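Okay, model08.txt now, which holds compact mmCIF, C-alpha atoms:
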# COMPACT_ATOMS: atom_id res chain seq x y z
CA ILE H 913 16.23 86.09 189.12
CA GLN H 914 13.06 87.84 188.08
CA LYS H 915 12.99 87.07 184.33
CA MET H 916 15.07 86.40 181.23
CA GLU H 917 14.47 88.42 178.08
CA ARG H 918 16.47 88.49 174.82
CA GLY H 919 19.52 86.98 176.51
CA ASN H 920 19.50 89.48 179.38
CA VAL H 921 18.75 88.38 182.94
CA PHE H 922 16.74 90.72 185.18
CA ILE H 923 17.53 90.43 188.87
CA ASP H 924 15.32 91.75 191.65
CA ILE H 925 17.52 93.37 194.33
CA GLY H 926 14.83 94.98 196.43
CA ARG H 927 13.26 98.22 195.25
CA ILE H 928 15.04 98.10 191.90
CA THR H 929 15.87 95.58 189.18
CA ALA H 930 19.43 95.02 187.96
CA ILE H 931 20.31 93.80 184.48
CA LEU H 932 22.84 91.05 183.81
CA PRO H 933 23.59 91.58 180.10
CA ARG H 934 24.43 88.55 177.92
CA GLU H 935 28.04 89.74 177.45
CA GLU H 936 28.51 89.82 181.26
CA GLN H 937 27.30 86.24 181.76
CA ILE H 938 29.62 83.27 182.14
CA PRO H 939 29.47 81.22 178.91
CA ASN H 940 27.36 78.05 179.15
CA GLU H 941 25.81 79.18 182.42
CA TYR H 942 22.05 78.69 182.65
CA TYR H 943 19.67 80.68 184.81
CA ARG H 944 16.25 79.82 186.20
CA ARG H 945 13.54 82.17 187.35
CA GLY H 946 13.52 82.44 191.15
CA GLU H 947 17.15 81.32 191.46
CA ARG H 948 19.50 83.35 193.69
CA ILE H 949 22.79 84.42 192.14
CA ARG H 950 25.75 86.60 193.03
CA ALA H 951 27.01 89.30 190.68
CA TYR H 952 29.24 92.38 190.68
CA LEU H 953 27.64 95.83 190.29
CA TYR H 954 29.78 97.61 187.68
CA ALA H 955 27.57 100.41 186.36
CA VAL H 956 24.84 102.74 187.61
CA GLU H 957 23.30 104.73 184.76
CA GLU H 958 20.69 107.47 184.75
CA THR H 959 18.17 106.82 181.94
CA PRO H 960 14.90 108.52 180.96
CA ARG H 961 13.07 105.58 182.61
CA GLY H 962 15.04 105.96 185.87
CA VAL H 963 18.18 104.43 187.30
CA SER H 964 19.61 101.38 185.56
CA LEU H 965 21.92 98.99 187.41
CA LYS H 966 24.19 96.68 185.45
CA VAL H 967 25.80 93.65 187.05
CA SER H 968 28.41 91.17 185.85
CA ARG H 969 29.53 87.63 186.57
CA THR H 970 32.57 87.92 184.26
CA HIS H 971 34.22 91.08 185.64
CA PRO H 972 37.65 90.47 187.26
CA LYS H 973 36.53 92.42 190.35
CA PHE H 974 33.75 89.85 190.84
CA LEU H 975 36.48 87.28 191.53
CA VAL H 976 38.20 89.70 193.94
CA GLU H 977 34.95 90.23 195.87
CA LEU H 978 34.33 86.48 196.07
CA PHE H 979 37.80 86.04 197.58
CA LYS H 980 37.07 88.85 200.07
CA GLN H 981 33.98 86.96 201.22
CA GLU H 982 35.73 83.59 201.52
CA CYS H 983 39.15 84.67 202.79
CA PRO H 984 39.31 86.83 205.95
CA GLU H 985 43.00 87.60 205.29
CA ILE H 986 42.02 89.35 202.06
CA ALA H 987 39.01 91.06 203.64
CA ASN H 988 41.13 92.57 206.43
CA GLY H 989 43.99 93.55 204.08
CA THR H 990 46.65 91.17 205.42
CA VAL H 991 46.80 89.48 202.00
CA GLU H 992 46.45 91.67 198.91
CA ILE H 993 45.28 90.65 195.45
CA LYS H 994 47.71 92.52 193.19
CA ALA H 995 46.54 91.29 189.76
CA VAL H 996 43.63 89.34 188.28
CA THR H 997 43.04 87.96 184.83
CA ARG H 998 40.04 85.92 183.73
CA GLU H 999 38.83 83.85 180.87
CA PRO H 1000 35.27 83.53 182.26
CA GLY H 1001 34.00 79.98 182.57
CA LYS H 1002 37.43 78.49 181.87
CA ARG H 1003 40.34 79.82 183.92
CA SER H 1004 41.41 82.66 186.18
CA LYS H 1005 44.74 83.66 187.66
CA ILE H 1006 45.20 85.86 190.68
CA ALA H 1007 48.48 87.19 192.04
CA VAL H 1008 48.61 87.57 195.82
CA PHE H 1009 51.06 89.26 198.17
CA THR H 1010 51.52 89.87 201.88
CA LYS H 1011 53.96 91.90 203.95
CA ASP H 1012 53.49 89.54 206.92
CA GLU H 1013 56.29 86.97 206.80
CA TYR H 1014 54.29 84.54 208.95
CA ILE H 1015 51.41 84.24 206.49
CA ASP H 1016 51.44 82.15 203.33
CA PRO H 1017 49.29 84.23 200.93
CA ILE H 1018 48.61 81.32 198.57
CA GLY H 1019 47.70 78.99 201.45
CA ALA H 1020 45.39 81.63 202.93
CA CYS H 1021 43.48 81.84 199.63
CA VAL H 1022 43.35 78.09 199.08
CA GLY H 1023 42.21 77.27 202.62
CA GLN H 1024 42.33 73.98 204.47
CA ARG H 1025 42.15 71.17 201.87
CA GLY H 1026 41.13 73.75 199.26
CA SER H 1027 37.94 74.72 201.09
CA ARG H 1028 38.07 78.45 200.29
CA VAL H 1029 39.04 78.25 196.64
CA ASN H 1030 36.59 75.35 196.09
CA GLN H 1031 33.68 77.54 197.26
CA ILE H 1032 34.64 80.17 194.67
CA THR H 1033 35.16 77.53 191.96
CA GLN H 1034 31.64 76.23 192.61
CA GLU H 1035 30.19 79.75 192.40
CA LEU H 1036 31.93 80.24 189.04
CA LYS H 1037 30.68 76.90 187.68
CA ASP H 1038 33.99 75.00 187.91
CA GLU H 1039 36.21 77.76 186.52
CA ARG H 1040 39.84 76.84 187.26
CA ILE H 1041 41.55 79.32 189.58
CA ASP H 1042 45.34 79.53 189.72
CA ILE H 1043 46.79 81.45 192.66
CA ILE H 1044 50.33 82.72 192.19
CA LEU H 1045 52.75 84.78 194.23
CA TRP H 1046 53.14 88.44 193.21
CA SER H 1047 56.62 89.79 192.63
CA GLU H 1048 57.86 93.33 191.93
CA ASP H 1049 60.43 91.85 189.54
CA PRO H 1050 58.66 91.39 186.15
CA LYS H 1051 60.82 88.42 185.13
CA GLU H 1052 60.15 86.61 188.39
CA PHE H 1053 56.43 87.41 188.16
CA ILE H 1054 56.16 86.16 184.56
CA ALA H 1055 57.99 82.93 185.43
CA GLU H 1056 55.63 82.41 188.39
CA ALA H 1057 52.57 83.12 186.22
CA LEU H 1058 53.65 80.48 183.69
CA SER H 1059 54.36 77.81 186.31
CA PRO H 1060 54.39 74.80 186.35
CA ALA H 1061 56.16 75.30 183.00
CA GLU H 1062 59.91 75.74 183.28
CA VAL H 1063 60.96 79.02 181.65
CA ASP H 1064 64.31 79.03 179.79
CA SER H 1065 64.58 82.79 179.32
CA ILE H 1066 62.59 86.01 179.52
CA GLU H 1067 63.43 89.11 177.49
CA LEU H 1068 61.69 92.33 178.55
CA ASP H 1069 61.03 95.30 176.28
CA GLU H 1070 60.40 98.17 178.70
CA ALA H 1071 59.35 100.59 175.92
CA THR H 1072 56.44 98.46 174.67
CA LYS H 1073 55.83 96.70 178.02
CA GLN H 1074 56.09 93.29 176.33
CA ALA H 1075 58.00 90.15 177.17
CA THR H 1076 59.34 87.34 175.02
CA VAL H 1077 59.42 84.06 176.90
CA LYS H 1078 61.26 80.94 175.76
CA VAL H 1079 60.37 77.48 177.00
CA ALA H 1080 61.42 74.00 175.89
CA PRO H 1081 59.09 72.35 173.32
CA ASP H 1082 57.85 69.84 175.91
CA GLN H 1083 56.82 72.77 178.15
CA TYR H 1084 54.61 74.60 175.56
CA SER H 1085 51.29 73.17 176.70
CA LEU H 1086 52.09 73.90 180.36
CA ALA H 1087 53.07 77.50 179.57
CA ILE H 1088 49.94 78.12 177.51
For this file, write the structure as structure tokens.
Amino acid sequence: IQKMERGNVFIDIGRITAILPREEQIPNEYYRRGERIRAYLYAVEETPRGVSLKVSRTHPKFLVELFKQECPEIANGTVEIKAVTREPGKRSKIAVFTKDEYIDPIGACVGQRGSRVNQITQELKDERIDIILWSEDPKEFIAEALSPAEVDSIELDEATKQATVKVAPDQYSLAI
């Protein structure tokens, strides 16, 4: 980190400086000059002053790239990340899939005693990461995404691409 100015963080990446805008920073994350950080390059813009690089720590692809670095099965394509959703600084969910019947995609991402996912959690300042199994069947996938809550029923509206999910009152907090 080179400097902080008006909420933006300027990062020296060699011959050029990248900008980490305030809206791309994880909430409640603090930065210090001279500190090394990881970020995802999401935009390269040509400006009158030259090339401008914009990086993010909240982009969903940042999480994907962190998993690629920590999990060789994802890096080599044996395990695929099919979907990612993030609430930066709080919680993330990733859906994983593999065609190899001898590999547990969730176990590959978690690692021995949680070693792989814990590295990523530390990088994201204790953001919770839920890893779920991807399914082609939307009802099955939604039920998996809401686990550990027990889903009573799922009604799909194909036209609007929306689902109505019913859970027992004691399962509300788990589903949310």
What are the closest atom pairs, with distances in Å to one decimal, for all residues of range 954-1069 of chain H lying within 12 Å of range 931-937 of chain H? Consider all atoms listed in the file, order rows by chain and residue number, and present the result as a tab-separated table.
residue	atom	partner	partner_atom	distance
H:Tyr954	CA	H:Glu936	CA	10.2
H:Ala955	CA	H:Ile931	CA	10.0
H:Val956	CA	H:Ile931	CA	10.5
H:Glu957	CA	H:Ile931	CA	11.3
H:Val963	CA	H:Ile931	CA	11.2
H:Ser964	CA	H:Ile931	CA	7.7
H:Leu965	CA	H:Ile931	CA	6.2
H:Lys966	CA	H:Ile931	CA	4.9
H:Val967	CA	H:Leu932	CA	5.1
H:Ser968	CA	H:Glu936	CA	4.8
H:Arg969	CA	H:Gln937	CA	5.5
H:Thr970	CA	H:Glu936	CA	5.4
H:His971	CA	H:Glu936	CA	7.3
H:Pro972	CA	H:Glu936	CA	11.0
H:Phe974	CA	H:Glu936	CA	10.9
H:Glu999	CA	H:Gln937	CA	11.8
H:Pro1000	CA	H:Gln937	CA	8.4
H:Gly1001	CA	H:Gln937	CA	9.2
H:Leu1036	CA	H:Gln937	CA	10.5
H:Lys1037	CA	H:Gln937	CA	11.6
| query | Which is closer to Val996 in chain H than all the others in H:Leu953, H:Ile925, H:Ile1041, H:Ala1087, using only C-alpha atoms? | reply | H:Ile1041
| Selected residue, from H:Leu978, H:Ala987, H:Ile1088, H:Val1077, that lies nearest to Asn1030 in chain H when counting all atoms listed in the file | H:Leu978
| Point-to-point distance from CA of Glu1070 in chain H to CA of Ala1055 in chain H, Å rounded to tenths | 16.8 Å
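From CA of Thr1072 in chain H back to CA of Leu975 in chain H, the distance works out to 28.4 Å.
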| remark: Counting all atoms listed in the file, closest pick from H:Ala1071, H:Val1029, H:Ala995, H:Gly1023 relative to Phe1053 in chain H is H:Ala995
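The space between CA of Glu941 in chain H and CA of Glu1035 in chain H spans 10.9 Å.
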| said: Using only C-alpha atoms, which protein or nucleic acid residues come within 12 Å of Asp1069 in chain H? Drop anything in the same chain fewer than 6 positions from it, and give the result as an MDAnalysis selection string. | reply: chainID H and resid 1050:1051 1075:1077
| field | For Gln1024 in chain H, the nearest of the candidates H:Asn940, H:Cys983, H:Gly962, H:Glu1048, counting only C-alpha atoms | value | H:Cys983
| Residues within 6 Å of (14.9, 81.0, 182.7), file coords, only C-alpha atoms, listed as a ChimeraX atom specification | /H:916,943-945
Give me a file of those residues, with C-alpha atoms, as a PDB file, keeping the file's coordinate frame.
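Output saved as again27.pdb:
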ATOM      1  CA  MET H 916      15.070  86.400 181.230  1.00  0.00           C
ATOM      2  CA  TYR H 943      19.670  80.680 184.810  1.00  0.00           C
ATOM      3  CA  ARG H 944      16.250  79.820 186.200  1.00  0.00           C
ATOM      4  CA  ARG H 945      13.540  82.170 187.350  1.00  0.00           C
TER       5      ARG H 945
END
| said: Applying 7 Å and all atoms listed in the file, which residues near Trp1046 in chain H remain after dropping the ones on its own chain fewer than 6 positions away? List them as a PyMOL selection string. | reply: chain H and resi 994+1007-1009+1053
| Leaving out Cys1021 in chain H and any residue of its chain fewer than 6 positions from it, which residues lie within 9 Å of it when counting all atoms listed in the file, given as a VMD selection string? | chain H and resid 979 982 to 983 985 to 986 991 1008 1028 to 1029 1043
| query | Between H:Ile1032, H:Ala1057, H:Ile923, H:Leu1086, which one has atoms that come closest to Val976 in chain H, using all atoms listed in the file? | reply | H:Ile1032
